>>> print(open('work.cif').read())   # mmCIF, C-alpha atoms
data_work
loop_
_atom_site.label_atom_id
_atom_site.label_comp_id
_atom_site.auth_asym_id
_atom_site.auth_seq_id
_atom_site.Cartn_x
_atom_site.Cartn_y
_atom_site.Cartn_z
CA MET A 846 81.56 278.61 85.51
CA ASP A 847 82.77 281.95 86.87
CA MET A 848 85.12 282.40 89.81
CA ASP A 849 82.26 282.88 92.29
CA GLN A 850 81.00 279.38 91.42
CA LYS A 851 84.40 277.69 91.61
CA LYS A 852 85.65 276.48 94.96
CA ILE A 853 88.42 278.62 96.45
CA GLN A 854 91.05 276.66 98.35
CA ASN A 855 92.98 278.47 101.08
CA HIS A 856 95.82 276.54 102.70
CA PHE A 857 97.81 277.64 105.75
CA THR A 858 101.56 277.41 105.24
CA ALA A 859 104.67 278.32 107.23
CA THR A 860 107.99 279.53 105.80
CA GLY A 861 111.31 280.01 107.58
CA ILE A 862 113.82 282.70 106.70
CA VAL A 863 116.70 280.89 108.40
CA PHE A 864 119.94 282.71 109.24
CA ASN A 865 123.18 281.00 110.21
CA SER A 866 126.00 282.37 112.40
CA LYS A 867 127.47 284.24 109.39
CA MET A 868 124.13 285.95 108.65
CA GLN A 869 123.70 283.81 105.53
CA ILE A 870 120.19 282.79 104.49
CA LEU A 871 119.12 279.20 103.88
CA MET A 872 117.48 278.68 100.47
CA ILE A 873 116.17 275.67 98.56
CA ARG A 874 115.63 275.30 94.82
CA HIS A 875 112.06 274.01 94.77
CA LYS A 876 111.69 270.96 92.51
CA LYS A 877 108.17 271.73 91.22
CA LEU A 878 108.53 275.51 90.83
CA ASN A 879 112.23 275.46 89.84
CA VAL A 880 112.95 278.69 91.75
CA TRP A 881 114.85 279.47 94.94
CA LEU A 882 112.72 279.81 98.07
CA PRO A 883 113.16 279.75 101.82
CA PRO A 884 112.13 276.34 103.20
CA GLY A 885 108.52 275.87 104.23
CA GLY A 886 105.29 274.10 103.53
CA HIS A 887 101.76 273.28 104.59
CA ILE A 888 100.71 273.34 108.23
CA GLU A 889 99.33 269.93 109.17
CA ASP A 890 96.10 269.35 111.11
CA ASN A 891 96.53 270.13 114.82
CA GLU A 892 100.00 271.61 114.23
CA LEU A 893 100.92 275.09 115.43
CA PRO A 894 102.52 277.38 112.81
CA GLN A 895 105.83 277.62 114.68
CA GLU A 896 105.96 273.81 114.90
CA ALA A 897 105.25 273.51 111.18
CA VAL A 898 108.03 275.86 110.12
CA LEU A 899 110.62 274.03 112.24
CA ARG A 900 109.44 270.66 110.90
CA GLU A 901 109.52 271.85 107.28
CA VAL A 902 112.99 273.40 107.60
CA LEU A 903 114.32 270.17 109.13
CA GLU A 904 112.60 267.90 106.59
CA GLU A 905 113.70 269.87 103.52
CA THR A 906 117.22 270.84 104.59
CA GLY A 907 118.34 268.79 107.60
CA ILE A 908 118.80 272.04 109.54
CA ARG A 909 117.56 272.25 113.12
CA SER A 910 116.47 275.77 113.93
CA LYS A 911 114.50 277.90 116.34
CA VAL A 912 111.94 280.61 115.71
CA LEU A 913 113.09 284.07 116.76
CA GLN A 914 110.35 285.95 118.58
CA VAL A 915 109.97 289.24 116.76
CA SER A 916 107.70 290.90 119.29
CA SER A 917 105.55 290.06 122.26
CA GLN A 918 102.40 291.97 123.06
CA LEU A 919 101.15 290.42 126.29
CA SER A 920 102.49 289.37 129.68
CA LEU A 921 100.20 286.47 130.39
CA SER A 922 100.19 284.60 133.69
CA ASP A 923 97.08 282.52 132.92
CA ASN A 924 97.95 278.85 132.37
CA HIS A 925 94.93 278.47 130.06
CA CYS A 926 96.17 280.94 127.45
CA ARG A 927 99.54 281.70 125.90
CA GLU A 928 100.76 283.96 123.17
CA LEU A 929 102.08 282.15 120.12
CA GLU A 930 105.22 283.12 118.25
CA ARG A 931 104.16 285.75 115.77
CA PRO A 932 104.99 285.46 112.11
CA PHE A 933 107.39 288.13 110.92
CA ILE A 934 105.22 288.57 107.82
CA LEU A 935 101.80 287.19 106.86
CA LEU A 936 101.23 286.79 103.11
CA LEU A 937 98.37 285.74 100.85
CA GLU A 938 99.97 284.00 97.86
CA ASP A 939 97.88 283.29 94.75
CA ILE A 940 99.47 280.01 93.67
CA GLU A 941 97.85 279.48 90.25
CA GLY A 942 97.28 283.15 89.43
CA ASP A 943 93.52 282.71 89.29
CA GLY A 944 92.60 283.38 92.94
CA LEU A 945 91.35 279.82 93.46
CA HIS A 946 94.36 278.25 95.19
CA ASN A 947 95.89 280.43 97.87
CA HIS A 948 98.50 279.98 100.55
CA ILE A 949 98.10 282.00 103.73
CA ASP A 950 101.82 282.00 104.45
CA MET A 951 103.14 282.71 107.93
CA VAL A 952 106.77 283.73 107.44
CA PHE A 953 109.04 283.35 110.48
CA ILE A 954 112.61 284.47 111.09
CA CYS A 955 114.62 281.52 112.36
CA LYS A 956 118.12 280.91 113.69
CA ALA A 957 119.97 277.81 112.53
CA LEU A 958 121.11 275.55 115.38
CA SER A 959 123.17 273.50 112.92
CA GLU A 960 124.63 274.37 109.53
CA GLU A 961 125.33 271.06 107.78
CA LEU A 962 122.92 270.69 104.87
CA ASN A 963 121.04 267.46 104.10
CA MET A 964 118.79 268.00 101.07
CA GLN A 965 115.42 266.24 100.75
CA LYS A 966 115.67 265.15 97.10
CA SER A 967 111.95 264.46 96.66
CA GLU A 968 111.07 268.19 96.92
CA VAL A 969 114.35 270.04 96.50
CA ASN A 970 116.74 270.28 93.51
CA ASP A 971 119.44 272.26 95.30
CA ILE A 972 120.15 273.89 98.63
CA GLY A 973 122.57 276.44 100.01
CA TRP A 974 123.52 279.27 102.32
CA PHE A 975 123.56 282.69 100.62
CA ASN A 976 124.63 286.14 101.76
CA ILE A 977 122.19 288.99 101.26
CA ASP A 978 123.87 290.20 98.05
CA GLN A 979 123.62 286.72 96.51
CA ILE A 980 119.89 286.55 97.32
CA TYR A 981 119.24 289.40 94.87
CA GLN A 982 120.86 287.33 92.08
CA LEU A 983 118.80 284.16 92.62
CA GLU A 984 115.88 283.16 90.43
CA THR A 985 112.97 283.71 92.82
CA PHE A 986 109.83 285.77 93.39
CA GLU A 987 109.78 289.48 94.28
CA ASN A 988 107.96 288.82 97.57
CA VAL A 989 110.75 286.41 98.59
CA ILE A 990 113.46 289.03 97.99
CA GLN A 991 111.47 291.71 99.80
CA SER A 992 110.71 289.43 102.77
CA ILE A 993 114.35 288.37 103.14
CA LYS A 994 115.56 291.97 102.80
CA LYS A 995 113.15 293.06 105.54
CA ALA A 996 114.20 290.17 107.82
CA PHE A 997 117.88 291.00 107.26
CA GLU A 998 117.23 294.67 108.09
CA CYS A 999 115.36 293.64 111.25
CA LEU A 1000 118.31 291.57 112.44
CA GLN A 1001 120.82 294.26 111.46
CA GLY A 1002 118.74 296.83 113.33
CA GLY A 1003 119.62 295.46 116.72
CA TYR A 1004 117.79 292.18 117.15
CA ASN A 1005 119.94 290.15 119.54
CA PHE A 1006 120.97 287.27 117.31
#
>>> encode(input="work.cif", output="structure tokens")
Amino acid sequence: MDMDQKKIQNHFTATGIVFNSKMQILMIRHKKLNVWLPPGGHIEDNELPQEAVLREVLEETGIRSKVLQVSSQLSLSDNHCRELERPFILLLEDIEGDGLHNHIDMVFICKALSEELNMQKSEVNDIGWFNIDQIYQLETFENVIQSIKKAFECLQGGYNF
């Protein structure tokens, strides 16, 4: 059976690049993948992406956070339509390396509203706050490092944090 005959599964996910008051980044060591990642996960049915990222960050780390609005395009006054928080980055991640299981990952920049960590042991092996230089030393994926670097530069470039 070739790839055209196999069923492709695309899942929507949300990831939070969470910064604390010291500009450190929240990272988890994922139990299944055994690499460091920003917290995140699948978007549930009838859940908005910005709700999913806040839920996942809280569930995995115990950290309450808020999504930072990167940019707004519209000034809507209609009560029947609103602009959603935009992901900072939108990625297509090939999970198995065969193009059959993909995550459409909406990556948000978030601000921690608390900083005391409470690790969810069922999904996470370790957890911590890391400065930008430490991120480059962690065992992770290239897209994670590039996404965090870009988020850090965005905040350093004048975003009112």
>>> residues_around(input="work.cif", residues="Phe975 of chain A", least_positions_apart="4", cutoff="9 Å", atoms="only C-alpha atoms", output="ChimeraX atom specification")
/A:868-872,979-980
>>> closest_residue(input="work.cif", among="A:Asp923, A:Asp971, A:Asp950, A:Asp890", to="Thr906 of chain A", atoms="only C-alpha atoms")
A:Asp971
>>> atom_distance(input="work.cif", atom1="atom CA of Glu960 of chain A", atom2="atom CA of Glu905 of chain A")
13.3 Å
>>> closest_residue(input="work.cif", among="A:Asp943, A:Glu889, A:Glu904, A:Glu928", to="Met964 of chain A", atoms="all atoms listed in the file")
A:Glu904
>>> resolve_selection(input="work.cif", expression="the PyMOL selection byres ((chain A and resi 861) around 10)", output="PyMOL selection string")
chain A and resi 859-860+862-864+870-872+882-886+895+897-899+901-902+910-912+932-933+951-956+993
>>> atom_distance(input="work.cif", atom1="atom CA of Ile990 of chain A", atom2="atom CA of Ser967 of chain A")
24.7 Å
>>> closest_residue(input="work.cif", among="A:Ile934, A:Ile873, A:Gly1002, A:Lys994", to="Leu962 of chain A", atoms="only C-alpha atoms")
A:Ile873
>>> residues_around(input="work.cif", residues="Lys877 of chain A", least_positions_apart="5", cutoff="10 Å", atoms="only C-alpha atoms", output="VMD selection string")
chain A and resid 967 to 970
>>> atom_distance(input="work.cif", atom1="atom CA of Asn924 of chain A", atom2="atom CA of Ala957 of chain A")
29.7 Å
>>> residues_near_point(input="work.cif", point="(96.1, 279.0, 100.7)", cutoff="8 Å", atoms="only C-alpha atoms", output="list in words")
Gln854, Asn855, His856, Phe857, Thr858, Leu937, Glu938, Asp939, Ile940, His946, Asn947, His948, Ile949 and Asp950 of chain A
>>> axis_aligned_box(input="work.cif", around="segment 869-873 of chain A", padding_each_side="3 Å", output="AutoDock Vina command-line options")
--center_x 119.9 --center_y 279.7 --center_z 102.0 --size_x 13.5 --size_y 14.1 --size_z 13.0
>>> closest_residue(input="work.cif", among="A:Leu913, A:Cys926, A:Ile908, A:Leu903", to="Trp974 of chain A", atoms="all atoms listed in the file")
A:Ile908
>>> residues_near_point(input="work.cif", point="(115.2, 284.9, 95.2)", cutoff="6 Å", atoms="all atoms listed in the file", output="list in words")
Trp881, Ile980, Leu983, Glu984, Thr985, Phe986, Val989 and Ile990 of chain A
>>> closest_residue(input="work.cif", among="A:Glu896, A:Gly907, A:Lys851, A:Glu987", to="Gln965 of chain A", atoms="all atoms listed in the file")
A:Gly907
>>> resolve_selection(input="work.cif", expression="the PyMOL selection byres ((chain A and resi 929) around 9)", output="NGL selection string")
:A and (893-895 or 917 or 927-928 or 930-931)
>>> closest_residue(input="work.cif", among="A:Asn963, A:Leu1000, A:Leu936, A:Gly973", to="Asn988 of chain A", atoms="only C-alpha atoms")
A:Leu936
